[in-house]
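Pasted below: upload_11.cif, mmCIF, C-alpha atoms and all ligand atoms.
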```cif
data_input
#
loop_
_atom_site.label_atom_id
_atom_site.label_comp_id
_atom_site.auth_asym_id
_atom_site.auth_seq_id
_atom_site.Cartn_x
_atom_site.Cartn_y
_atom_site.Cartn_z
CA MET A 690 -26.06 -24.29 0.60
CA ASN A 691 -25.70 -23.83 -3.16
CA ALA A 692 -24.98 -20.47 -4.81
CA ALA A 693 -28.57 -20.14 -6.15
CA THR A 694 -30.13 -20.47 -2.68
CA ASN A 695 -27.42 -18.34 -1.18
CA SER A 696 -28.00 -15.52 -3.67
CA GLU A 697 -31.52 -14.89 -2.30
CA LEU A 698 -30.16 -14.25 1.20
CA PRO A 699 -29.62 -10.63 2.26
CA VAL A 700 -26.30 -8.87 2.61
CA GLY A 701 -25.78 -8.14 6.33
CA ILE A 702 -24.50 -4.68 7.21
CA PHE A 703 -23.41 -3.81 10.70
CA ASP A 704 -22.42 -0.57 12.44
CA SER A 705 -22.26 0.75 15.98
CA GLY A 706 -25.24 2.98 15.17
CA VAL A 707 -26.77 4.76 12.19
CA GLY A 708 -23.52 5.95 10.57
CA GLY A 709 -23.17 2.78 8.48
CA LEU A 710 -26.34 3.77 6.63
CA THR A 711 -24.05 5.91 4.44
CA VAL A 712 -22.40 2.65 3.36
CA LEU A 713 -25.77 0.91 2.98
CA HIS A 714 -26.85 3.78 0.71
CA ALA A 715 -23.84 3.22 -1.57
CA ILE A 716 -24.44 -0.56 -1.65
CA ARG A 717 -28.09 -0.07 -2.55
CA GLU A 718 -27.18 2.42 -5.30
CA ALA A 719 -24.65 -0.04 -6.75
CA MET A 720 -26.83 -3.16 -6.38
CA PRO A 721 -30.52 -2.19 -6.07
CA GLY A 722 -31.62 -5.81 -6.48
CA GLU A 723 -29.92 -7.08 -3.32
CA HIS A 724 -31.88 -7.74 -0.13
CA LEU A 725 -30.22 -5.91 2.77
CA VAL A 726 -30.41 -6.30 6.53
CA TYR A 727 -28.82 -3.57 8.67
CA LEU A 728 -28.00 -3.85 12.35
CA GLY A 729 -27.09 -0.71 14.34
CA ASP A 730 -25.83 -1.37 17.86
CA THR A 731 -27.34 1.89 19.10
CA ALA A 732 -27.46 0.68 22.73
CA ARG A 733 -23.66 0.63 22.86
CA LEU A 734 -22.71 3.53 20.56
CA PRO A 735 -20.11 4.99 20.47
CA TYR A 736 -17.58 2.24 19.86
CA GLY A 737 -14.84 4.78 19.10
CA THR A 738 -14.02 5.54 22.73
CA LYS A 739 -14.20 1.92 23.98
CA SER A 740 -11.35 -0.55 24.53
CA PRO A 741 -10.42 -3.03 21.76
CA LEU A 742 -11.65 -5.88 23.97
CA SER A 743 -15.15 -4.41 24.30
CA ILE A 744 -15.33 -3.42 20.63
CA GLU A 745 -14.42 -6.97 19.54
CA ARG A 746 -16.99 -8.46 21.93
CA TYR A 747 -19.74 -6.13 20.67
CA ALA A 748 -18.85 -6.71 17.02
CA THR A 749 -18.80 -10.51 17.29
CA GLN A 750 -22.17 -10.48 19.08
CA ALA A 751 -23.67 -8.31 16.33
CA ALA A 752 -22.23 -10.60 13.65
CA ALA A 753 -23.68 -13.66 15.40
CA LYS A 754 -27.13 -12.02 15.39
CA LEU A 755 -26.95 -11.30 11.67
CA ARG A 756 -25.68 -14.81 10.88
CA GLU A 757 -28.58 -16.26 12.88
CA ARG A 758 -30.98 -14.24 10.65
CA GLY A 759 -29.35 -15.72 7.54
CA ILE A 760 -27.00 -13.55 5.46
CA LYS A 761 -24.65 -14.33 2.57
CA LEU A 762 -21.97 -11.70 3.28
CA LEU A 763 -21.20 -9.34 6.17
CA VAL A 764 -20.22 -5.72 5.65
CA VAL A 765 -18.60 -4.18 8.72
CA ALA A 766 -19.81 -0.65 7.94
CA CYS A 767 -18.03 0.81 10.96
CA ASN A 768 -14.44 2.01 10.76
CA THR A 769 -13.80 1.35 14.43
CA ALA A 770 -15.09 -2.24 14.30
CA SER A 771 -13.21 -2.81 11.01
CA ALA A 772 -9.99 -1.49 12.57
CA VAL A 773 -10.31 -3.57 15.73
CA ALA A 774 -12.24 -6.74 14.92
CA LEU A 775 -12.04 -7.60 11.22
CA ASP A 776 -9.77 -10.63 11.73
CA ALA A 777 -11.92 -11.95 14.59
CA LEU A 778 -15.08 -11.52 12.50
CA ARG A 779 -13.54 -13.31 9.51
CA GLU A 780 -12.55 -16.20 11.72
CA GLN A 781 -15.98 -16.29 13.37
CA LEU A 782 -17.99 -16.29 10.13
CA ALA A 783 -15.70 -18.31 7.82
CA PRO A 784 -16.29 -19.29 5.06
CA MET A 785 -18.76 -16.39 4.74
CA PRO A 786 -17.02 -13.33 3.23
CA VAL A 787 -16.58 -10.33 5.55
CA VAL A 788 -15.85 -6.91 4.04
CA GLY A 789 -14.58 -4.01 6.18
CA VAL A 790 -14.42 -0.31 5.29
CA VAL A 791 -10.82 0.58 6.14
CA GLU A 792 -9.08 -1.12 3.20
CA PRO A 793 -11.58 0.24 0.63
CA GLY A 794 -11.17 3.70 2.22
CA ALA A 795 -7.40 3.49 1.92
CA ALA A 796 -7.74 2.38 -1.72
CA ALA A 797 -10.02 5.36 -2.44
CA ALA A 798 -7.37 7.68 -0.98
CA VAL A 799 -4.37 6.22 -2.79
CA GLN A 800 -6.05 5.56 -6.17
CA GLY A 801 -2.90 4.21 -7.74
CA ARG A 802 -0.81 7.35 -6.97
CA THR A 803 2.38 7.30 -4.94
CA GLY A 804 3.83 9.76 -2.47
CA GLY A 805 0.49 11.26 -1.44
CA SER A 806 0.09 13.08 1.86
CA HIS A 807 -3.01 11.94 3.72
CA LEU A 808 -4.84 13.18 6.79
CA VAL A 809 -7.15 10.56 8.29
CA LEU A 810 -9.96 11.83 10.51
CA ALA A 811 -11.37 8.99 12.62
CA THR A 812 -12.37 7.87 16.11
CA GLU A 813 -9.92 7.42 18.98
CA ALA A 814 -9.90 3.61 18.67
CA THR A 815 -9.29 3.66 14.90
CA VAL A 816 -6.43 6.15 15.33
CA ARG A 817 -4.92 4.25 18.28
CA LEU A 818 -4.62 1.12 16.15
CA GLY A 819 -3.16 2.95 13.15
CA ALA A 820 -5.45 0.94 10.89
CA TYR A 821 -5.56 3.49 8.07
CA ARG A 822 -1.83 4.13 8.27
CA SER A 823 -1.11 0.40 7.75
CA ALA A 824 -3.68 0.07 4.98
CA ILE A 825 -2.39 3.15 3.11
CA LEU A 826 1.29 2.23 3.52
CA SER A 827 0.63 -1.28 2.23
CA LEU A 828 -0.66 0.33 -1.00
CA ASP A 829 1.85 3.19 -1.12
CA PRO A 830 4.98 2.84 1.03
CA ASP A 831 5.99 6.41 0.07
CA ALA A 832 2.80 7.98 1.43
CA GLU A 833 2.78 10.39 4.35
CA VAL A 834 -0.04 9.62 6.78
CA THR A 835 -1.29 11.69 9.72
CA GLU A 836 -4.18 10.29 11.76
CA HIS A 837 -6.27 12.44 14.06
CA ALA A 838 -9.11 11.53 16.43
CA CYS A 839 -12.18 13.79 16.11
CA GLU A 840 -14.72 12.39 18.57
CA LEU A 841 -16.87 15.53 18.67
CA LEU A 842 -17.66 15.21 14.97
CA VAL A 843 -19.63 12.02 15.73
CA ALA A 844 -21.90 13.96 18.10
CA LEU A 845 -22.23 16.87 15.66
CA ALA A 846 -23.34 14.54 12.86
CA GLU A 847 -25.85 12.76 15.13
CA GLU A 848 -27.23 16.11 16.25
CA GLY A 849 -27.50 17.35 12.67
CA TRP A 850 -25.17 20.30 13.38
CA VAL A 851 -23.16 19.69 10.26
CA ASP A 852 -22.76 23.27 9.05
CA GLY A 853 -22.62 26.81 10.42
CA ALA A 854 -20.19 28.54 12.74
CA ILE A 855 -20.08 25.89 15.48
CA ALA A 856 -19.36 23.00 13.10
CA ARG A 857 -16.77 25.09 11.22
CA GLY A 858 -15.05 26.11 14.47
CA ILE A 859 -14.78 22.53 15.71
CA VAL A 860 -13.53 21.25 12.36
CA ARG A 861 -10.97 24.08 12.21
CA ARG A 862 -9.66 23.23 15.67
CA TYR A 863 -9.31 19.54 14.81
CA LEU A 864 -7.50 20.32 11.56
CA ASP A 865 -5.15 22.74 13.37
CA GLU A 866 -4.46 20.22 16.12
CA SER A 867 -3.72 17.46 13.61
CA HIS A 868 -0.54 19.36 12.58
CA ALA A 869 -0.88 17.84 9.13
CA ALA A 870 1.15 20.07 6.82
CA SER A 871 -1.09 20.71 3.77
CA PRO A 872 -2.39 17.18 3.11
CA ASP A 873 -3.52 16.54 -0.45
CA THR A 874 -6.20 14.10 0.76
CA ILE A 875 -8.47 14.07 3.79
CA ILE A 876 -9.92 10.64 4.49
CA LEU A 877 -13.23 10.51 6.33
CA GLY A 878 -12.31 7.46 8.40
CA CYS A 879 -15.53 7.37 10.38
CA THR A 880 -19.04 6.59 9.15
CA HIS A 881 -20.41 9.86 10.54
CA PHE A 882 -18.02 12.25 8.85
CA PRO A 883 -19.45 12.21 5.28
CA LEU A 884 -22.26 14.36 6.68
CA LEU A 885 -19.67 17.01 7.51
CA ALA A 886 -17.85 16.78 4.16
CA ASP A 887 -19.01 20.22 2.95
CA THR A 888 -17.89 21.92 6.16
CA ILE A 889 -14.56 20.08 6.12
CA ARG A 890 -14.07 21.24 2.53
CA GLU A 891 -14.95 24.83 3.47
CA VAL A 892 -12.36 24.82 6.23
CA ALA A 893 -9.63 22.78 4.49
CA GLY A 894 -9.98 24.50 1.10
CA ASP A 895 -10.89 23.34 -2.40
CA GLN A 896 -7.41 22.02 -3.20
CA VAL A 897 -7.86 19.07 -0.79
CA ARG A 898 -9.44 15.86 -2.05
CA ILE A 899 -11.96 14.51 0.45
CA VAL A 900 -12.65 10.78 0.25
CA ASP A 901 -14.75 8.28 2.14
CA SER A 902 -15.02 4.53 1.85
CA ALA A 903 -18.72 4.07 0.98
CA GLY A 904 -18.38 3.83 -2.82
CA THR A 905 -15.24 1.69 -2.82
CA THR A 906 -16.72 -0.62 -0.16
CA ALA A 907 -19.79 -1.14 -2.37
CA ALA A 908 -17.47 -2.02 -5.28
CA VAL A 909 -15.61 -4.57 -3.10
CA VAL A 910 -18.94 -6.09 -1.99
CA ARG A 911 -20.03 -6.42 -5.61
CA ALA A 912 -16.71 -7.96 -6.71
CA THR A 913 -16.74 -10.40 -3.78
CA MET A 914 -20.24 -11.64 -4.62
CA ASP A 915 -19.45 -11.81 -8.34
CA ALA A 916 -16.45 -14.00 -7.54
CA ALA A 917 -18.54 -16.28 -5.30
CA GLY A 918 -21.49 -16.36 -7.73
CA THR A 919 -23.86 -15.11 -5.01
CA ARG A 920 -25.27 -11.94 -6.65
CA ARG A 921 -29.08 -12.00 -6.69
CA ALA A 922 -30.30 -12.76 -10.20
CA SER A 923 -33.66 -10.94 -10.05
CA ASP A 924 -34.06 -7.31 -11.16
CA ASP A 925 -36.84 -6.68 -8.61
CA PRO A 926 -35.81 -4.12 -6.01
CA GLY A 927 -34.33 -5.77 -2.93
CA THR A 928 -35.92 -5.48 0.50
CA LEU A 929 -34.44 -3.55 3.43
CA ARG A 930 -34.73 -4.67 7.05
CA LEU A 931 -33.53 -2.43 9.85
CA LEU A 932 -32.52 -3.77 13.27
CA ALA A 933 -31.29 -1.75 16.25
CA THR A 934 -30.39 -2.56 19.83
CA ASP A 935 -32.07 0.56 21.27
CA GLY A 936 -34.19 3.59 20.43
CA ALA A 937 -36.24 2.89 17.30
CA ARG A 938 -37.51 6.48 17.19
CA ARG A 939 -34.05 8.01 17.40
CA PHE A 940 -32.73 5.47 14.89
CA ALA A 941 -35.44 6.49 12.41
CA ARG A 942 -35.02 10.24 13.03
CA VAL A 943 -31.22 10.40 12.91
CA GLY A 944 -30.76 7.48 10.52
CA GLY A 945 -32.98 9.10 7.90
CA ARG A 946 -30.38 11.87 7.54
CA PHE A 947 -27.58 9.35 6.99
CA LEU A 948 -29.59 7.31 4.50
CA GLY A 949 -31.01 10.33 2.70
CA GLN A 950 -34.56 9.01 2.99
CA ASP A 951 -37.28 9.27 5.63
CA LEU A 952 -37.46 6.26 7.94
CA ARG A 953 -40.40 5.20 10.12
CA HIS A 954 -39.74 3.97 13.65
CA GLU A 955 -42.29 1.19 13.05
CA ASP A 956 -39.88 -0.21 10.46
CA VAL A 957 -37.02 -0.53 12.96
CA GLU A 958 -37.01 -3.83 14.85
CA LEU A 959 -35.38 -3.82 18.28
CA VAL A 960 -33.12 -6.81 18.99
CA ASP A 961 -31.02 -8.03 21.93
CA LEU A 962 -27.48 -9.17 21.32
N1 LIG B 1 -19.25 3.92 13.40
C1 LIG B 1 -18.09 4.49 14.04
C2 LIG B 1 -16.92 4.52 13.06
O1 LIG B 1 -17.10 4.51 11.86
C3 LIG B 1 -18.35 5.89 14.57
C4 LIG B 1 -19.27 5.94 15.76
C5 LIG B 1 -18.74 5.20 16.97
O2 LIG B 1 -17.76 5.65 17.59
O3 LIG B 1 -19.31 4.16 17.28
O4 LIG B 1 -15.79 4.55 13.47
#
```

Once more with this new file: its structure as structure tokens, please.
Amino acid sequence: MNAATNSELPVGIFDSGVGGLTVLHAIREAMPGEHLVYLGDTARLPYGTKSPLSIERYATQAAAKLRERGIKLLVVACNTASAVALDALREQLAPMPVVGVVEPGAAAAVQGRTGGSHLVLATEATVRLGAYRSAILSLDPDAEVTEHACELLVALAEEGWVDGAIARGIVRRYLDESHAASPDTIILGCTHFPLLADTIREVAGDQVRIVDSAGTTAAVVRATMDAAGTRRASDDPGTLRLLATDGARRFARVGGRFLGQDLRHEDVELVDL
């Protein structure tokens, strides 16, 4: 396939559920002309508490579905799947480029500084693999990195309980239990946590920098397509297709909050992996 034909294909974006819509939002803001197809594996969410073997199997099945639909690049808009399965996905889809969210998130945290102290909030699986620690230390060997699993924050974000006393109490307990001594950066290492950013800031204090990977991932996607000559040439707005493995109504209701735009369940196509 030549670059001109390829450029009309959509960018594929995959997450365990609706959380990756925060990344889709950033990609659409950065490149409004690109066609996008998003697959949320809502039938098997959460990935964060599953074993690496299951997560890799789920992720490769989702990638196969998107490849079958025809995509020019895959964004793994799920920290857990990026931490566990990025190498397997790259091998599976080669030579198609595959962009994960962990490395861009680490780059957003380090931003060319050295000796930073970072607290990574993520799922159990991401923390178990130390994916952010490795990515941050490869950019800044002098950094201090604490990683802490915060599974309940996924449920809070899905439920829309992102502020108020309950959300603050849970965030406070996680931050206390992390034993991170005054980090200068908190990294939201899970797609759901940007929805809780204000509450995390309230609890952690204004002196802490809170970063997520959405913006830097969009920049990597753009640079990757520029290098391959596969950016869509037209200025017309790109199309958006939404696929899910279960629960179109819930996907539309909860996903709308992550995307920052109302979604209709009729626009969510259910697929089997
Ligand atoms: N998308 C996942 C992540 O970013 C969070 C939800 C899950 O555990 O599947 O790690």

Using only C-alpha atoms, determine which residues lie at most 10 Å from Val910 of chain A, disregarding the query and same-chain residues fewer than 5 positions distant; provide the list as a compact mmCIF listing (two decimals) with C-alpha atoms, in the frame of the given file.
```txt
# COMPACT_ATOMS: atom_id res chain seq x y z
CA VAL A 700 -26.30 -8.87 2.61
CA ILE A 716 -24.44 -0.56 -1.65
CA ALA A 719 -24.65 -0.04 -6.75
CA MET A 720 -26.83 -3.16 -6.38
CA LEU A 762 -21.97 -11.70 3.28
CA LEU A 763 -21.20 -9.34 6.17
CA VAL A 764 -20.22 -5.72 5.65
CA PRO A 786 -17.02 -13.33 3.23
CA VAL A 787 -16.58 -10.33 5.55
CA VAL A 788 -15.85 -6.91 4.04
CA GLY A 789 -14.58 -4.01 6.18
CA GLY A 904 -18.38 3.83 -2.82
CA THR A 905 -15.24 1.69 -2.82
CA ASP A 915 -19.45 -11.81 -8.34
CA ALA A 916 -16.45 -14.00 -7.54
CA ARG A 920 -25.27 -11.94 -6.65
```

Grab all the atoms of segment 935-954 of chain A that the file lists, wrap them in a box along x, y and z, add 8 Å per side, and give me centre plus edge lengths in Å (one decimal) as JSON.
```
{"center_x": -34.0, "center_y": 6.2, "center_z": 12.0, "size_x": 28.8, "size_y": 27.3, "size_z": 34.6}
```

Using all atoms listed in the file, which residues have at least one atom no more than 8 Å from ligand LIG 1 (chain B)? Output them as a compact mmCIF listing (two decimals) with C-alpha atoms, in the coordinates of the input.
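To be explicit, this is the file written out as selection_6.txt:
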```
# COMPACT_ATOMS: atom_id res chain seq x y z
CA ASP A 704 -22.42 -0.57 12.44
CA SER A 705 -22.26 0.75 15.98
CA GLY A 706 -25.24 2.98 15.17
CA VAL A 707 -26.77 4.76 12.19
CA GLY A 708 -23.52 5.95 10.57
CA GLY A 709 -23.17 2.78 8.48
CA ARG A 733 -23.66 0.63 22.86
CA LEU A 734 -22.71 3.53 20.56
CA PRO A 735 -20.11 4.99 20.47
CA TYR A 736 -17.58 2.24 19.86
CA GLY A 737 -14.84 4.78 19.10
CA THR A 738 -14.02 5.54 22.73
CA ALA A 766 -19.81 -0.65 7.94
CA CYS A 767 -18.03 0.81 10.96
CA ASN A 768 -14.44 2.01 10.76
CA THR A 769 -13.80 1.35 14.43
CA ALA A 770 -15.09 -2.24 14.30
CA ALA A 811 -11.37 8.99 12.62
CA THR A 812 -12.37 7.87 16.11
CA ALA A 814 -9.90 3.61 18.67
CA THR A 815 -9.29 3.66 14.90
CA GLU A 840 -14.72 12.39 18.57
CA VAL A 843 -19.63 12.02 15.73
CA GLY A 878 -12.31 7.46 8.40
CA CYS A 879 -15.53 7.37 10.38
CA THR A 880 -19.04 6.59 9.15
CA HIS A 881 -20.41 9.86 10.54
```

TODO: Go through A:Val892, A:Ala751, A:Val799, A:Ala886 and flag the residue nearest Gln781 of chain A, using all atoms listed in the file for the distances.
DONE: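 When distances to Gln781 of chain A are compared using all atoms listed in the file, the smallest one comes from A:Ala751.
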
- [ ] Work out how far atom CA of Ala844 of chain A is from atom CA of Pro872 of chain A, in Å to one decimal.
- [x]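 It comes out at 24.8 Å.
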
Task: Straight-line distance linking atom CA of Leu808 of chain A with atom CA of Leu884 of chain A, stated in Å to one decimal - done: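 Atom CA of Leu884 of chain A lies at a distance of 17.5 Å from atom CA of Leu808 of chain A.
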
Task: Nearest to Thr731 of chain A by atom-to-atom distance, counting only C-alpha atoms, from A:Ala777, A:Ala937, A:Ile875, A:Ile889 - done: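 Of the candidates, the smallest distance to Thr731 of chain A is held by A:Ala937.
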
Task: Distance criterion (all atoms listed in the file): nearest to Ser823 of chain A out of A:Asn695, A:Thr835, A:Thr934, A:Ser923 - done: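 That would be A:Thr835, the residue with the smallest distance to Ser823 of chain A.
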
Open item on the list: List as a VMD selection string the protein and nucleic acid residues near segment 950-953 of chain A, meaning an atom at most 7 Å away when only C-alpha atoms are counted, but skip any in the same chain fewer than 5 places from it.
Closed with: chain A and resid 941 to 942 945

- [ ] Calculate how many Å separate atom CA of Arg717 of chain A from atom CA of Ala796 of chain A, rounding to one decimal.
- [x]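 So the answer is 20.5 Å.
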
Open item on the list: Env of Val816 of chain A: 8 Å cut, atoms = all atoms listed in the file, seq-sep filter 3 positions within chain, self excluded. Answer as a list in words.
Closed with: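 Once the adjacent positions are removed, what remains is Ala811, Thr812, Glu813, Gly819, Ala820, Tyr821, Glu836, His837 and Ala838 of chain A.
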